[in-house]
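Asks: Enclosed is the structure file work_25.csv (CSV, C-alpha atoms and all ligand atoms).
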```
chain,number,residue,atom,x,y,z
P,1170,MET,CA,0.0,0.0,0.0
P,1171,THR,CA,1.3,3.4,-0.9
P,1172,SER,CA,1.9,5.6,2.2
P,1173,VAL,CA,-0.3,8.7,2.3
P,1174,THR,CA,2.8,10.6,3.6
P,1175,THR,CA,4.8,9.9,0.5
P,1176,ALA,CA,2.1,10.1,-2.2
P,1177,ALA,CA,1.7,13.3,-4.1
P,1178,SER,CA,-1.0,15.3,-2.4
P,1179,ALA,CA,-4.0,16.9,-4.1
P,1180,LEU,CA,-4.6,19.1,-1.0
P,1181,LEU,CA,-4.0,22.8,-1.5
P,1182,GLY,CA,-0.5,23.6,-0.1
P,1183,VAL,CA,-1.5,26.3,2.4
P,1184,TYR,CA,-0.3,24.2,5.3
P,1185,ALA,CA,3.3,23.3,6.0
P,1186,ARG,CA,2.5,19.8,7.2
P,1187,VAL,CA,5.2,17.8,9.1
P,1188,GLY,CA,5.8,14.4,10.6
P,1189,PRO,CA,3.9,11.2,10.2
P,1190,THR,CA,0.4,10.5,9.0
P,1191,PHE,CA,-1.9,9.9,11.9
P,1192,VAL,CA,-4.4,7.1,11.6
P,1193,ALA,CA,-5.9,6.9,15.1
P,1194,GLY,CA,-6.1,8.5,18.5
P,1195,GLU,CA,-6.6,7.3,22.0
P,1196,GLY,CA,-6.7,9.5,25.1
P,1197,VAL,CA,-4.0,12.1,24.8
P,1198,GLU,CA,-2.0,10.1,22.1
P,1199,LEU,CA,-2.1,10.2,18.4
P,1200,ILE,CA,-1.1,7.0,16.6
P,1201,ALA,CA,0.9,7.1,13.4
P,1202,GLU,CA,0.6,4.6,10.5
P,1203,ASP,CA,3.6,2.7,11.7
P,1204,GLY,CA,2.0,2.3,15.1
P,1205,ALA,CA,4.2,4.9,16.9
P,1206,ARG,CA,2.3,6.8,19.6
P,1207,TYR,CA,2.8,10.5,20.0
P,1208,LEU,CA,1.9,12.4,23.2
P,1209,ASP,CA,-0.2,15.3,22.0
P,1210,PHE,CA,0.4,18.6,23.8
P,1211,THR,CA,-1.4,20.5,21.0
P,1212,ALA,CA,-4.9,19.0,21.3
P,1213,GLY,CA,-5.5,19.9,17.7
P,1214,ILE,CA,-4.6,23.5,18.6
P,1215,ALA,CA,-6.9,23.7,21.6
P,1216,VAL,CA,-9.7,21.7,19.9
P,1217,ASN,CA,-9.5,18.2,21.4
P,1218,ALA,CA,-10.2,19.2,25.0
P,1219,LEU,CA,-11.5,15.7,25.8
P,1220,GLY,CA,-8.7,14.0,23.9
P,1221,TYR,CA,-9.3,11.2,21.4
P,1222,GLY,CA,-12.0,8.6,21.6
P,1223,HIS,CA,-13.7,10.1,24.6
P,1224,PRO,CA,-16.9,8.1,25.5
P,1225,VAL,CA,-18.9,11.4,26.0
P,1226,ILE,CA,-18.2,12.3,22.4
P,1227,ARG,CA,-18.6,8.8,21.0
P,1228,ASP,CA,-22.0,8.4,22.8
P,1229,ALA,CA,-23.2,11.9,21.7
P,1230,VAL,CA,-22.3,11.3,18.1
P,1231,THR,CA,-23.9,7.9,18.1
P,1232,ARG,CA,-27.1,9.2,19.7
P,1233,ALA,CA,-27.4,12.1,17.3
P,1234,LEU,CA,-26.8,9.8,14.3
P,1235,ASP,CA,-29.5,7.4,15.6
P,1236,SER,CA,-32.0,10.2,15.5
P,1237,GLY,CA,-31.3,10.6,11.8
P,1238,LEU,CA,-30.8,14.3,12.1
P,1239,VAL,CA,-27.4,15.4,11.0
P,1240,HIS,CA,-28.6,18.6,9.6
P,1241,VAL,CA,-31.9,20.4,9.6
P,1242,SER,CA,-32.2,23.9,8.2
P,1243,ASN,CA,-32.3,26.9,10.5
P,1244,LEU,CA,-35.7,27.6,8.8
P,1245,TYR,CA,-37.1,25.1,11.4
P,1246,HIS,CA,-36.8,24.3,15.1
P,1247,THR,CA,-34.6,21.5,16.5
P,1248,GLU,CA,-33.9,20.7,20.1
P,1249,PRO,CA,-30.1,20.3,20.4
P,1250,GLY,CA,-29.3,23.9,19.3
P,1251,GLU,CA,-32.0,25.3,21.7
P,1252,GLN,CA,-30.6,23.2,24.6
P,1253,LEU,CA,-27.0,24.2,23.9
P,1254,ALA,CA,-27.9,27.9,23.7
P,1255,ALA,CA,-29.8,27.6,27.0
P,1256,GLU,CA,-26.8,25.8,28.6
P,1257,LEU,CA,-24.3,28.5,27.5
P,1258,VAL,CA,-26.6,31.3,28.6
P,1259,SER,CA,-27.2,29.7,32.0
P,1260,ARG,CA,-23.4,29.4,32.5
P,1261,SER,CA,-22.4,32.9,31.3
P,1262,PHE,CA,-23.2,36.6,31.1
P,1263,ALA,CA,-25.0,36.1,27.8
P,1264,ASP,CA,-28.7,36.1,27.0
P,1265,GLN,CA,-28.7,34.8,23.5
P,1266,VAL,CA,-26.4,32.7,21.2
P,1267,PHE,CA,-25.7,32.5,17.5
P,1268,PHE,CA,-24.1,29.3,16.2
P,1269,CYS,CA,-21.7,29.1,13.3
P,1270,ASN,CA,-18.8,26.9,12.1
P,1271,SER,CA,-15.4,28.3,13.1
P,1272,GLY,CA,-13.6,30.9,15.2
P,1273,ALA,CA,-13.1,33.4,12.3
P,1274,GLU,CA,-16.8,33.1,11.4
P,1275,ALA,CA,-17.8,33.8,15.0
P,1276,ASN,CA,-15.7,36.9,15.1
P,1277,GLU,CA,-17.1,38.1,11.7
P,1278,GLY,CA,-20.6,37.6,13.2
P,1279,ALA,CA,-19.6,39.5,16.4
P,1280,PHE,CA,-18.4,42.5,14.3
P,1281,LYS,CA,-21.7,42.6,12.3
P,1282,PHE,CA,-23.7,42.4,15.5
P,1283,ALA,CA,-21.7,45.2,17.1
P,1284,ARG,CA,-22.1,47.4,13.9
P,1285,LYS,CA,-25.8,46.8,13.7
P,1286,TRP,CA,-26.3,47.6,17.4
P,1287,SER,CA,-24.1,50.6,17.6
P,1288,GLY,CA,-24.9,52.1,14.1
P,1289,LYS,CA,-21.1,52.7,13.9
P,1290,THR,CA,-18.4,50.9,11.9
P,1291,GLY,CA,-15.0,51.1,13.7
P,1292,ILE,CA,-13.4,48.1,15.3
P,1293,VAL,CA,-10.3,48.4,17.6
P,1294,ALA,CA,-8.0,45.4,18.1
P,1295,PHE,CA,-4.6,45.0,19.7
P,1296,SER,CA,-1.0,44.1,18.9
P,1297,GLY,CA,-0.4,40.3,19.4
P,1298,SER,CA,-4.0,39.5,18.4
P,1299,PHE,CA,-5.2,36.6,16.3
P,1300,HIS,CA,-8.9,36.6,15.4
P,1301,GLY,CA,-9.0,34.5,12.2
P,1302,ARG,CA,-8.3,34.7,8.5
P,1303,LEU,CA,-11.5,35.9,6.8
P,1304,PHE,CA,-11.6,39.5,5.6
P,1305,ALA,CA,-12.7,41.3,8.7
P,1306,SER,CA,-11.2,38.9,11.3
P,1307,LEU,CA,-7.9,39.1,9.3
P,1308,ALA,CA,-8.1,42.9,9.4
P,1309,ALA,CA,-8.2,42.6,13.2
P,1310,THR,CA,-5.3,40.1,13.3
P,1311,ASP,CA,-1.8,41.4,14.0
P,1312,ARG,CA,0.0,39.3,11.5
P,1313,PRO,CA,1.4,41.5,8.7
P,1314,ASP,CA,2.6,38.5,6.6
P,1315,TYR,CA,-0.9,37.0,6.6
P,1316,ARG,CA,-2.6,40.3,5.7
P,1317,ARG,CA,-0.3,41.8,3.1
P,1318,PRO,CA,-1.1,39.5,0.1
P,1319,PHE,CA,-4.9,40.0,0.6
P,1320,ALA,CA,-5.2,43.8,1.0
P,1321,PRO,CA,-7.5,45.6,0.9
P,1322,LEU,CA,-9.1,44.0,3.9
P,1323,VAL,CA,-12.2,45.3,5.6
P,1324,PRO,CA,-11.8,49.1,6.3
P,1325,GLY,CA,-12.5,50.7,9.7
P,1326,ILE,CA,-10.5,48.1,11.7
P,1327,GLN,CA,-7.4,49.4,13.5
P,1328,ILE,CA,-4.8,47.5,15.6
P,1329,ILE,CA,-3.3,49.5,18.5
P,1330,PRO,CA,-0.6,48.7,21.0
P,1331,ASN,CA,-1.8,46.2,23.6
P,1332,GLY,CA,-1.8,47.6,27.1
P,1333,ASP,CA,-1.4,51.2,26.0
P,1334,ARG,CA,-4.1,53.2,27.8
P,1335,ALA,CA,-3.4,56.5,25.9
P,1336,ALA,CA,-3.6,54.7,22.6
P,1337,ALA,CA,-6.9,53.1,23.6
P,1338,ASP,CA,-8.2,56.4,24.8
P,1339,ARG,CA,-7.4,58.0,21.4
P,1340,ALA,CA,-8.6,55.1,19.3
P,1341,ILE,CA,-11.9,54.1,21.0
P,1342,SER,CA,-14.2,56.9,19.8
P,1343,ALA,CA,-17.8,57.7,20.7
P,1344,ALA,CA,-18.5,58.8,17.1
P,1345,GLU,CA,-16.9,55.8,15.3
P,1346,THR,CA,-16.1,52.8,17.4
P,1347,ALA,CA,-18.6,49.9,17.2
P,1348,ALA,CA,-16.5,47.3,19.0
P,1349,VAL,CA,-13.3,46.5,20.8
P,1350,ILE,CA,-12.1,42.9,20.4
P,1351,ILE,CA,-9.5,41.3,22.6
P,1352,GLU,CA,-8.4,37.8,23.7
P,1353,PRO,CA,-8.3,37.6,27.5
P,1354,VAL,CA,-5.3,35.3,27.0
P,1355,GLN,CA,-3.7,35.8,23.7
P,1356,GLY,CA,-2.9,32.5,22.0
P,1357,GLU,CA,-1.2,32.8,18.6
P,1358,GLY,CA,0.4,36.0,19.8
P,1359,GLY,CA,2.7,34.2,22.2
P,1360,VAL,CA,0.4,33.0,25.0
P,1361,GLN,CA,-0.1,36.3,26.9
P,1362,PRO,CA,-2.5,36.4,29.8
P,1363,LEU,CA,-3.7,40.0,29.8
P,1364,ALA,CA,-4.0,42.0,33.1
P,1365,ALA,CA,-7.5,42.3,34.6
P,1366,GLU,CA,-6.9,46.0,35.1
P,1367,TRP,CA,-6.3,46.5,31.4
P,1368,LEU,CA,-9.5,44.6,30.5
P,1369,ALA,CA,-11.4,46.7,33.1
P,1370,TYR,CA,-10.0,49.9,31.5
P,1371,LEU,CA,-11.3,48.8,28.1
P,1372,ARG,CA,-14.6,47.9,29.7
P,1373,THR,CA,-14.9,51.5,31.1
P,1374,LEU,CA,-13.9,53.1,27.7
P,1375,CYS,CA,-16.5,50.9,25.9
P,1376,ASP,CA,-19.2,51.9,28.3
P,1377,GLU,CA,-18.4,55.5,28.1
P,1378,ARG,CA,-18.2,55.5,24.3
P,1379,GLY,CA,-21.0,53.2,23.3
P,1380,ALA,CA,-18.8,50.4,21.9
P,1381,ALA,CA,-19.3,46.7,22.4
P,1382,LEU,CA,-16.5,44.8,24.2
P,1383,ILE,CA,-15.9,41.5,22.5
P,1384,PHE,CA,-13.9,38.8,24.2
P,1385,ASP,CA,-12.5,36.3,21.7
P,1386,GLU,CA,-12.3,33.1,23.7
P,1387,VAL,CA,-12.0,30.9,20.7
P,1388,GLN,CA,-8.7,29.5,22.0
P,1389,CYS,CA,-8.7,30.3,25.8
P,1390,GLY,CA,-12.4,29.6,26.5
P,1391,LEU,CA,-14.3,26.4,27.6
P,1392,GLY,CA,-12.1,25.2,30.4
P,1393,ARG,CA,-8.7,25.8,28.9
P,1394,THR,CA,-7.6,28.3,31.6
P,1395,GLY,CA,-9.2,26.4,34.5
P,1396,SER,CA,-12.6,28.2,34.5
P,1397,LEU,CA,-15.3,27.6,32.0
P,1398,PHE,CA,-14.7,31.0,30.5
P,1399,ALA,CA,-11.4,32.9,30.8
P,1400,TYR,CA,-13.2,36.2,31.5
P,1401,GLU,CA,-14.5,34.7,34.8
P,1402,GLN,CA,-10.9,35.1,36.2
P,1403,THR,CA,-10.7,38.7,35.2
P,1404,GLY,CA,-13.7,40.2,36.9
P,1405,VAL,CA,-14.6,41.9,33.6
P,1406,THR,CA,-17.7,40.9,31.6
P,1407,PRO,CA,-17.9,41.5,27.9
P,1408,ASP,CA,-21.0,42.3,25.8
P,1409,ILE,CA,-20.1,39.6,23.2
P,1410,LEU,CA,-18.0,36.5,23.5
P,1411,THR,CA,-16.9,34.2,20.7
P,1412,LEU,CA,-16.2,30.5,21.1
P,1413,ALA,CA,-15.2,27.7,18.7
P,1414,LYS,CA,-12.3,25.3,18.8
P,1415,PRO,CA,-13.2,22.8,21.6
P,1416,LEU,CA,-17.0,23.5,21.5
P,1417,ALA,CA,-18.1,20.4,19.7
P,1418,GLY,CA,-15.4,18.0,20.6
P,1419,GLY,CA,-13.6,18.3,17.2
P,1420,LEU,CA,-16.6,18.8,15.0
P,1421,PRO,CA,-16.6,22.3,13.4
P,1422,MET,CA,-18.6,24.7,15.4
P,1423,GLY,CA,-18.4,28.3,16.6
P,1424,ALA,CA,-20.7,30.4,18.7
P,1425,VAL,CA,-21.3,34.1,19.4
P,1426,LEU,CA,-22.7,34.8,22.9
P,1427,LEU,CA,-24.3,38.2,23.4
P,1428,THR,CA,-26.4,40.3,25.7
P,1429,ASP,CA,-30.1,41.1,25.0
P,1430,THR,CA,-29.0,44.7,24.6
P,1431,ILE,CA,-27.0,43.8,21.5
P,1432,ALA,CA,-29.3,41.0,20.4
P,1433,ASP,CA,-32.3,43.4,20.4
P,1434,ALA,CA,-30.8,45.2,17.4
P,1435,LEU,CA,-30.9,42.0,15.3
P,1436,GLY,CA,-33.7,40.4,13.5
P,1437,PRO,CA,-34.5,37.8,10.8
P,1438,GLY,CA,-32.2,38.2,7.8
P,1439,ASP,CA,-29.5,40.1,9.6
P,1440,HIS,CA,-27.1,37.2,9.7
P,1441,ALA,CA,-27.2,33.4,8.9
P,1442,THR,CA,-25.2,30.4,8.0
P,1443,THR,CA,-26.5,27.2,6.5
P,1444,PHE,CA,-24.8,24.7,8.8
P,1445,GLY,CA,-24.8,26.8,12.0
P,1446,GLY,CA,-25.9,24.9,15.1
P,1447,GLY,CA,-27.2,21.8,13.3
P,1448,PRO,CA,-28.5,18.9,15.5
P,1449,LEU,CA,-25.4,16.7,15.2
P,1450,VAL,CA,-22.8,19.3,16.2
P,1451,ALA,CA,-25.1,20.9,18.8
P,1452,SER,CA,-25.8,17.5,20.5
P,1453,VAL,CA,-22.1,16.8,20.8
P,1454,ALA,CA,-21.3,20.3,22.0
P,1455,LEU,CA,-24.0,20.1,24.6
P,1456,GLU,CA,-22.3,17.1,26.2
P,1457,VAL,CA,-18.8,18.7,25.8
P,1458,VAL,CA,-19.9,21.8,27.6
P,1459,ARG,CA,-21.7,19.9,30.3
P,1460,THR,CA,-18.6,17.7,30.8
P,1461,ILE,CA,-16.2,20.6,31.0
P,1462,ALA,CA,-18.4,22.7,33.2
P,1463,GLU,CA,-18.5,20.0,35.9
P,1464,PRO,CA,-16.8,21.6,39.0
P,1465,GLY,CA,-14.7,18.4,39.4
P,1466,PHE,CA,-13.5,18.6,35.8
P,1467,LEU,CA,-12.5,22.2,36.1
P,1468,ALA,CA,-10.7,21.4,39.4
P,1469,GLY,CA,-8.8,18.7,37.5
P,1470,VAL,CA,-7.7,21.3,34.9
P,1471,GLN,CA,-6.5,23.6,37.7
P,1472,THR,CA,-4.6,20.7,39.4
P,1473,SER,CA,-3.1,19.6,36.1
P,1474,GLY,CA,-2.3,23.2,35.2
P,1475,THR,CA,-0.4,23.7,38.5
P,1476,ARG,CA,1.6,20.5,37.9
P,1477,LEU,CA,2.5,21.6,34.3
P,1478,GLU,CA,3.4,25.1,35.4
P,1479,ALA,CA,5.7,23.8,38.1
P,1480,GLY,CA,7.4,21.4,35.7
P,1481,LEU,CA,7.9,24.1,33.1
P,1482,ARG,CA,9.3,26.5,35.7
P,1483,ALA,CA,11.7,23.8,37.0
P,1484,ILE,CA,12.9,23.3,33.4
P,1485,ALA,CA,13.3,27.0,32.9
P,1486,ALA,CA,15.4,27.2,36.1
P,1487,ARG,CA,17.9,24.8,34.4
P,1488,SER,CA,17.7,26.1,30.9
P,1489,ARG,CA,19.5,28.9,29.2
P,1490,LYS,CA,17.1,28.7,26.2
P,1491,ILE,CA,14.1,29.9,28.2
P,1492,SER,CA,13.4,33.6,29.1
P,1493,GLU,CA,9.9,33.3,30.4
P,1494,VAL,CA,7.1,30.9,31.3
P,1495,ARG,CA,3.6,32.3,31.2
P,1496,GLY,CA,0.0,31.1,30.9
P,1497,ARG,CA,-3.1,29.9,32.8
P,1498,GLY,CA,-4.6,26.5,33.4
P,1499,LEU,CA,-3.5,24.2,30.6
P,1500,MET,CA,-2.5,27.0,28.2
P,1501,TRP,CA,1.3,27.7,28.5
P,1502,GLY,CA,3.8,29.6,26.5
P,1503,VAL,CA,7.6,29.1,26.9
P,1504,ALA,CA,9.4,32.2,25.6
P,1505,CYS,CA,12.8,31.2,24.3
P,1506,THR,CA,16.0,33.0,23.5
P,1507,GLU,CA,16.2,31.2,20.1
P,1508,ALA,CA,14.0,30.2,17.2
P,1509,VAL,CA,11.6,27.4,18.4
P,1510,ALA,CA,10.9,25.6,15.1
P,1511,PRO,CA,13.9,23.2,15.7
P,1512,LEU,CA,12.8,22.6,19.3
P,1513,VAL,CA,9.3,21.7,18.1
P,1514,GLY,CA,10.9,19.3,15.6
P,1515,ALA,CA,13.2,17.8,18.3
P,1516,ALA,CA,10.2,17.2,20.5
P,1517,ARG,CA,8.4,15.5,17.7
P,1518,GLU,CA,11.3,13.2,17.0
P,1519,ARG,CA,10.9,12.1,20.6
P,1520,ARG,CA,7.2,11.7,20.0
P,1521,LEU,CA,5.9,14.7,21.8
P,1522,LEU,CA,3.8,17.1,19.8
P,1523,ILE,CA,4.0,20.8,20.8
P,1524,LEU,CA,3.2,24.1,19.0
P,1525,SER,CA,4.9,27.4,18.4
P,1526,ALA,CA,3.2,30.8,18.9
P,1527,GLY,CA,5.3,33.1,16.9
P,1528,PRO,CA,9.0,32.5,16.1
P,1529,THR,CA,10.4,32.3,19.6
P,1530,VAL,CA,7.6,31.0,21.8
P,1531,LEU,CA,6.7,27.3,22.4
P,1532,ARG,CA,3.0,26.7,23.1
P,1533,ILE,CA,1.6,23.9,25.1
P,1534,LEU,CA,-2.1,23.1,25.0
P,1535,PRO,CA,-2.7,19.5,26.1
P,1536,PRO,CA,-6.1,17.9,26.1
P,1537,LEU,CA,-7.9,19.0,29.4
P,1538,VAL,CA,-8.2,15.3,30.3
P,1539,ILE,CA,-4.5,14.8,30.6
P,1540,THR,CA,-3.3,12.9,33.7
P,1541,GLY,CA,-0.4,13.8,36.0
P,1542,ASP,CA,1.7,10.9,34.7
P,1543,GLU,CA,1.2,12.1,31.1
P,1544,ILE,CA,2.2,15.6,32.1
P,1545,ASP,CA,5.3,14.2,33.7
P,1546,ARG,CA,6.2,12.2,30.5
P,1547,GLY,CA,5.8,15.3,28.4
P,1548,LEU,CA,7.9,17.4,30.8
P,1549,ALA,CA,10.7,14.8,30.7
P,1550,ILE,CA,10.8,15.1,26.9
P,1551,LEU,CA,10.7,18.9,27.1
P,1552,ALA,CA,13.6,18.9,29.5
P,1553,GLU,CA,15.6,16.8,27.0
P,1554,VAL,CA,14.9,19.4,24.3
P,1555,LEU,CA,15.3,22.5,26.4
P,1556,VAL,CA,18.0,21.9,28.9
P,1601,LIG,N1,-9.6,33.5,17.5
P,1601,LIG,C1,-8.6,33.0,18.1
P,1601,LIG,C2,-8.2,33.5,19.5
P,1601,LIG,C3,-7.9,31.9,17.6
P,1601,LIG,O1,-6.9,31.3,18.3
P,1601,LIG,C4,-8.3,31.4,16.3
P,1601,LIG,C5,-7.5,30.3,15.7
P,1601,LIG,O2,-6.4,30.0,16.1
P,1601,LIG,C6,-9.3,32.0,15.7
P,1601,LIG,C7,-10.0,33.1,16.3
P,1601,LIG,C8,-9.8,31.5,14.3
P,1601,LIG,O3,-10.4,30.3,14.5
P,1601,LIG,P1,-10.7,29.4,13.2
P,1601,LIG,O4,-9.4,28.9,12.8
P,1601,LIG,O5,-11.7,28.3,13.7
P,1601,LIG,O6,-11.3,30.3,12.2
```
Could you take the file, read its structure, and then write that structure out as structure tokens?
Replies:
Amino acid sequence: MTSVTTAASALLGVYARVGPTFVAGEGVELIAEDGARYLDFTAGIAVNALGYGHPVIRDAVTRALDSGLVHVSNLYHTEPGEQLAAELVSRSFADQVFFCNSGAEANEGAFKFARKWSGKTGIVAFSGSFHGRLFASLAATDRPDYRRPFAPLVPGIQIIPNGDRAAADRAISAAETAAVIIEPVQGEGGVQPLAAEWLAYLRTLCDERGAALIFDEVQCGLGRTGSLFAYEQTGVTPDILTLAKPLAGGLPMGAVLLTDTIADALGPGDHATTFGGGPLVASVALEVVRTIAEPGFLAGVQTSGTRLEAGLRAIAARSRKISEVRGRGLMWGVACTEAVAPLVGAARERRLLILSAGPTVLRILPPLVITGDEIDRGLAILAEVLV
């Protein structure tokens, strides 16, 4: 049989794929076609919160398939989406929910909702941000290399220095700003937990100037930082919150959570997406959210996070390659004094999958179900690579 890895690929070459072809997954391990097992500290880039083959996901998918309803148009009522929206509302600041299919799509929806509600068009985002690769979400994403080939992007969106109060005071305007978008813990931008005081300042400016505060929790939300939503740890409540990655256990799904105040500005026809919140994805997401929201589950994330943090700090104390360790829960960045691409490769050769977040930061996002022993195994490999 020809190996998939060596055969010419008909897939568009927009990804720099590396390593083996994976054919199965179990727990926190991915299994390659030669049977080799890789410890996955990437969780599909913060998607596979429950790891691989989790019974909650298997059962939810099976039950949904048994109902025969994979998709029903949003022209009609179905139960799973209603239940999931109610679940998210009951566990958050939000009053209403819109479902879509990805993180970028959730942010695009959030921008539209803020514009319709405010009657204004401006959007303010921050250095280090990543909000997606569609035309408006890319315009709010601080990655010049990703943006340049596709200009002009959506106008009216500006990126200002993160943490700069004077710049925010100048940019957020009562006349023009519809929304301010920020990740409470920046992911792609190098894993940067933002100060609660800074988020509170933005909250105040948004209130003063009639702009919606959007928290992008696509990467840091749904248990990743040790609370169901990252904003809960900041004491600052947004008007709109976007979710995606782990929401439906690996099936594509995004969500925009919003207050009645914003939602009241929206009516039939203002926004839509064919697949959004279909019965299969919503059934699975309902079980994923319920599982993650269990106090015992979140306590487990906190305990695992503390163990991972301690291990990373111990490695940092012995390594000249590390300048800083930062993060929350099971979302960690290891800032390095050298390019991290070779370190990611060296870890992979030792069968540990890790990510980068920019050229000099290693990013660690294991499944939230990881055990203490698995954390220690990964840390031992990281020590080999970093010390
Ligand atoms: N927002 C954040 C914070 C992200 O990390 C990402 C993806 O990495 C996105 C939005 C875009 O999500 P998607 O790739 O599902 O469009």
Asks: Would you tabulate, counting only C-alpha atoms and all ligand atoms, all residues of chain P that have an atom at most 10 Å from an atom of ligand LIG 1601 (chain P), showing the closest pair of atoms and their distance in Å to one decimal, sorted by chain then ascending number, as CSV?
Replies:
```
residue,atom,partner,partner_atom,distance
P:Ile1214,CA,P:LIG1601,O2,7.2
P:Ala1215,CA,P:LIG1601,O1,8.3
P:Val1216,CA,P:LIG1601,O5,9.3
P:Asn1270,CA,P:LIG1601,O5,7.4
P:Ser1271,CA,P:LIG1601,O5,3.7
P:Gly1272,CA,P:LIG1601,O3,3.3
P:Ala1273,CA,P:LIG1601,O6,3.6
P:Glu1274,CA,P:LIG1601,O6,6.2
P:Ala1275,CA,P:LIG1601,O6,7.9
P:Asn1276,CA,P:LIG1601,C7,7.0
P:Glu1277,CA,P:LIG1601,O6,9.7
P:Ser1298,CA,P:LIG1601,C2,7.4
P:Phe1299,CA,P:LIG1601,C1,5.3
P:His1300,CA,P:LIG1601,C7,3.8
P:Gly1301,CA,P:LIG1601,C8,3.7
P:Arg1302,CA,P:LIG1601,O6,6.5
P:Leu1303,CA,P:LIG1601,O6,7.8
P:Ser1306,CA,P:LIG1601,C7,7.8
P:Leu1307,CA,P:LIG1601,C8,9.3
P:Thr1310,CA,P:LIG1601,N1,8.9
P:Ile1351,CA,P:LIG1601,C2,8.5
P:Glu1352,CA,P:LIG1601,C2,6.0
P:Pro1353,CA,P:LIG1601,C2,9.0
P:Val1354,CA,P:LIG1601,C2,8.2
P:Gln1355,CA,P:LIG1601,C2,6.6
P:Gly1356,CA,P:LIG1601,O1,5.6
P:Glu1357,CA,P:LIG1601,O1,5.9
P:Gly1358,CA,P:LIG1601,O1,8.8
P:Phe1384,CA,P:LIG1601,C2,9.1
P:Asp1385,CA,P:LIG1601,C2,5.6
P:Glu1386,CA,P:LIG1601,C2,5.9
P:Val1387,CA,P:LIG1601,C2,4.8
P:Gln1388,CA,P:LIG1601,O1,4.5
P:Cys1389,CA,P:LIG1601,C2,7.1
P:Gly1390,CA,P:LIG1601,C2,9.0
P:Thr1411,CA,P:LIG1601,N1,8.0
P:Leu1412,CA,P:LIG1601,N1,8.1
P:Ala1413,CA,P:LIG1601,O5,6.1
P:Lys1414,CA,P:LIG1601,O5,5.9
P:Pro1415,CA,P:LIG1601,O5,9.7
P:Pro1421,CA,P:LIG1601,O5,7.8
P:Met1422,CA,P:LIG1601,O5,8.0
P:Gly1423,CA,P:LIG1601,O5,7.3
```
Asks: Near segment 1227-1242 of chain P, counting only C-alpha atoms, which residues have an atom at most 8 Å away, once you skip same-chain residues fewer than 4 positions from it, shown as a PyMOL selection string?
Replies: chain P and resi 1222-1223+1247+1443-1444+1447-1450+1452-1453+1456
Asks: How many Å lie between atom CA of Gly1474 of chain P and atom CA of Ala1504 of chain P, rounded to one decimal?
Replies: 17.6 Å
Asks: What lies within 10 Å of segment 1318-1334 of chain P using only C-alpha atoms, ignoring chain neighbours under 4 positions off, as a PyMOL selection string?
Replies: chain P and resi 1289-1298+1303-1311+1313-1314+1338-1341+1345-1351+1363-1364+1366-1368+1370-1371+1374
Asks: Rounded to one decimal place, report the atom CA of Ala1399 of chain P-atom CA of Ala1263 of chain P distance in Å.
Replies: 14.3 Å
Asks: Atom CA of Gly1446 of chain P and atom CA of Ile1461 of chain P are how many Å apart?
Replies: 19.1 Å
Asks: As a ChimeraX atom specification, please: the residues near Ser1525 of chain P (cut-off 12 Å, all atoms listed in the file, same-chain neighbours under 4 positions excluded).
Replies: /P:1210-1211,1214,1356-1360,1501-1505,1508-1514,1516,1529-1534
Asks: Tell me which residues come within 12 Å of (8.0, 18.8, 40.2), as number ranges by chain, counting only C-alpha atoms in the file's coordinates.
Replies: P: 1473, 1475-1484, 1486, 1541-1542, 1544-1546, 1548-1549
Asks: How about saving the chosen residues, C-alpha atoms kept, as an mmCIF file, in the frame of the given file?
Replies:
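Heads up, here's the output in part.cif:
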```cif
data_model
loop_
_atom_site.group_PDB
_atom_site.id
_atom_site.type_symbol
_atom_site.label_atom_id
_atom_site.label_comp_id
_atom_site.auth_asym_id
_atom_site.auth_seq_id
_atom_site.Cartn_x
_atom_site.Cartn_y
_atom_site.Cartn_z
ATOM 1 C CA SER P 1473 -3.100 19.600 36.100
ATOM 2 C CA THR P 1475 -0.400 23.700 38.500
ATOM 3 C CA ARG P 1476 1.600 20.500 37.900
ATOM 4 C CA LEU P 1477 2.500 21.600 34.300
ATOM 5 C CA GLU P 1478 3.400 25.100 35.400
ATOM 6 C CA ALA P 1479 5.700 23.800 38.100
ATOM 7 C CA GLY P 1480 7.400 21.400 35.700
ATOM 8 C CA LEU P 1481 7.900 24.100 33.100
ATOM 9 C CA ARG P 1482 9.300 26.500 35.700
ATOM 10 C CA ALA P 1483 11.700 23.800 37.000
ATOM 11 C CA ILE P 1484 12.900 23.300 33.400
ATOM 12 C CA ALA P 1486 15.400 27.200 36.100
ATOM 13 C CA GLY P 1541 -0.400 13.800 36.000
ATOM 14 C CA ASP P 1542 1.700 10.900 34.700
ATOM 15 C CA ILE P 1544 2.200 15.600 32.100
ATOM 16 C CA ASP P 1545 5.300 14.200 33.700
ATOM 17 C CA ARG P 1546 6.200 12.200 30.500
ATOM 18 C CA LEU P 1548 7.900 17.400 30.800
ATOM 19 C CA ALA P 1549 10.700 14.800 30.700
#
```
Asks: Would you mind listing what lies within 10 Å of segment 1436-1440 of chain P as a count of residues only, with only C-alpha atoms counted and same-chain residues fewer than 2 positions away left out?
Replies: 9
Asks: Using all atoms listed in the file, can you tell me which of P:Ala1193, P:Ala1344, P:Ala1218, P:Ile1539 comes closest to Arg1206 of chain P?
Replies: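 Smallest distance to Arg1206 of chain P is found for P:Ala1193.
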Asks: For the point (-10.2, 28.1, 32.4) in the file's frame, write as a count of residues only all residues with an atom no more than 9 Å away, counting all atoms listed in the file.
Replies: 21
Asks: With all atoms listed in the file as the basis for distance, which of P:Glu1251, P:Asp1376, P:Glu1195, P:Glu1553 is at the shortest distance from Pro1224 of chain P?
Replies: P:Glu1195
